[in-house]
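Just below is one structure, and these are the notes that go with it.
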Amino acid sequence: MSTQHELLAKAVERAARTAAAAYGSEWSALDDEERARYRALSRRWAEFLGLDAAIGALSTIATKTPVEADGAIAIRTIDGDDAQVVAEETLAGLIHDDTDEA
């Protein structure tokens with residue numbers, strides 16, 4: 001499973017590419033300086049939005065599951081490999097990108 005830091009880095013990279021596309025730029029045609037500006041913008045937005053904390057919260061939530069206990073709903077922690085699979089699937093949407101790597 002990817003670490004929280006790795007997920008944040010992937011999300012920032014995806015946001016940089018998305019921002020470039022939104023401004024009509026082709027990522028593969030940008031030089032390193034232009035890419036760095038988009039990455040810096042994406043990091044600032046991630047900080048502003050508290051994305052690092054949000055990823056941590058999603059990871060925690062993804063390892064919990066509701067179960068029925070004595071006629072009521074309780075939250076149970078998923079242990080081991082199951083928790084990692086559920087958390088990875090939950091967080092995959094954050095870093096999924098259909099564009100080609102450049």
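Letters A, B, ... mark the chains of the structure tokens in the order given; residue numbers begin at 1 per chain; ligand numbers begin at 1, in order shown.
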
Do a neighbour search on range 19-23 of chain A at 12 Å with only C-alpha atoms, toss out local chain neighbours closer than 5 positions, and write the hits as a PyMOL selection string. chain A and resi 12-14+28-31+34-43+45+99

Write out as a list in words the residues lying within 10 Å of range 50-56 of chain A, counting only C-alpha atoms and excluding same-chain residues fewer than 5 positions away. Thr3, Gln4, His5, Leu7, Leu8, Ala9, Ala11, Val12, Arg43, Arg44, Trp45, Ile61, Ala62, Leu91 and Leu94 of chain A

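For the atom pair formed by CA of Arg76 in chain A and CA of Glu88 in chain A, the distance is 17.9 Å, given to one decimal.
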
List every residue of range 29-81 of chain A that DSSP, applied to the backbone of this structure, places in alpha helix (DSSP H), and write the result as a VMD selection string. chain A and resid 32 to 49 51 to 62 80 to 81

Next, dump the selected residues to file, keeping only N, CA and C atoms, as a compact mmCIF listing (two decimals), in the first residue's frame.
# COMPACT_ATOMS: atom_id res chain seq x y z
N ASP A 32 11.01 22.03 -17.99
CA ASP A 32 11.08 21.73 -16.56
C ASP A 32 10.64 22.91 -15.68
N GLU A 33 10.98 24.12 -16.10
CA GLU A 33 10.62 25.31 -15.32
C GLU A 33 9.11 25.51 -15.28
N GLU A 34 8.45 25.32 -16.43
CA GLU A 34 7.00 25.47 -16.49
C GLU A 34 6.31 24.37 -15.67
N ARG A 35 6.81 23.15 -15.76
CA ARG A 35 6.25 22.06 -14.97
C ARG A 35 6.42 22.35 -13.48
N ALA A 36 7.57 22.88 -13.10
CA ALA A 36 7.83 23.21 -11.69
C ALA A 36 6.84 24.25 -11.18
N ARG A 37 6.48 25.22 -12.03
CA ARG A 37 5.49 26.24 -11.61
C ARG A 37 4.13 25.60 -11.34
N TYR A 38 3.71 24.69 -12.22
CA TYR A 38 2.43 24.01 -12.01
C TYR A 38 2.48 23.12 -10.77
N ARG A 39 3.59 22.47 -10.53
CA ARG A 39 3.73 21.64 -9.32
C ARG A 39 3.69 22.49 -8.06
N ALA A 40 4.35 23.65 -8.10
CA ALA A 40 4.34 24.55 -6.94
C ALA A 40 2.92 25.04 -6.66
N LEU A 41 2.20 25.40 -7.71
CA LEU A 41 0.80 25.83 -7.56
C LEU A 41 -0.03 24.71 -6.94
N SER A 42 0.16 23.50 -7.41
CA SER A 42 -0.58 22.35 -6.89
C SER A 42 -0.25 22.08 -5.44
N ARG A 43 1.02 22.21 -5.06
CA ARG A 43 1.40 22.01 -3.65
C ARG A 43 0.75 23.06 -2.75
N ARG A 44 0.70 24.31 -3.22
CA ARG A 44 0.06 25.37 -2.42
C ARG A 44 -1.43 25.07 -2.23
N TRP A 45 -2.10 24.63 -3.30
CA TRP A 45 -3.51 24.27 -3.18
C TRP A 45 -3.70 23.08 -2.23
N ALA A 46 -2.82 22.10 -2.31
CA ALA A 46 -2.90 20.94 -1.42
C ALA A 46 -2.76 21.36 0.04
N GLU A 47 -1.84 22.29 0.30
CA GLU A 47 -1.67 22.81 1.66
C GLU A 47 -2.91 23.58 2.10
N PHE A 48 -3.42 24.44 1.22
CA PHE A 48 -4.61 25.23 1.54
C PHE A 48 -5.81 24.34 1.86
N LEU A 49 -5.97 23.29 1.09
CA LEU A 49 -7.10 22.38 1.27
C LEU A 49 -6.90 21.37 2.40
N LEU A 51 -4.96 18.71 2.19
CA LEU A 51 -5.06 17.42 1.51
C LEU A 51 -4.32 16.32 2.26
N ASP A 52 -3.19 16.64 2.88
CA ASP A 52 -2.43 15.63 3.62
C ASP A 52 -3.28 15.05 4.76
N ALA A 53 -3.95 15.93 5.51
CA ALA A 53 -4.81 15.46 6.60
C ALA A 53 -6.01 14.69 6.05
N ALA A 54 -6.53 15.15 4.92
CA ALA A 54 -7.68 14.46 4.32
C ALA A 54 -7.32 13.05 3.88
N ILE A 55 -6.12 12.88 3.32
CA ILE A 55 -5.68 11.55 2.92
C ILE A 55 -5.57 10.65 4.14
N GLY A 56 -5.02 11.19 5.23
CA GLY A 56 -4.93 10.41 6.46
C GLY A 56 -6.29 10.01 6.98
N ALA A 57 -7.24 10.94 6.94
CA ALA A 57 -8.60 10.64 7.40
C ALA A 57 -9.26 9.59 6.52
N LEU A 58 -9.09 9.71 5.20
CA LEU A 58 -9.66 8.70 4.29
C LEU A 58 -9.06 7.33 4.55
N SER A 59 -7.77 7.30 4.82
CA SER A 59 -7.11 6.03 5.10
C SER A 59 -7.70 5.40 6.36
N THR A 60 -7.92 6.22 7.38
CA THR A 60 -8.52 5.72 8.62
C THR A 60 -9.94 5.23 8.39
N ILE A 61 -10.72 6.03 7.68
CA ILE A 61 -12.12 5.66 7.41
C ILE A 61 -12.18 4.37 6.59
N ALA A 62 -11.26 4.22 5.64
CA ALA A 62 -11.28 3.05 4.77
C ALA A 62 -10.98 1.76 5.51
N GLY A 80 -5.24 -6.22 9.17
CA GLY A 80 -4.32 -6.89 8.27
C GLY A 80 -4.44 -6.54 6.82
N ASP A 81 -4.29 -7.55 5.98
CA ASP A 81 -4.27 -7.35 4.53
C ASP A 81 -5.59 -6.80 4.01
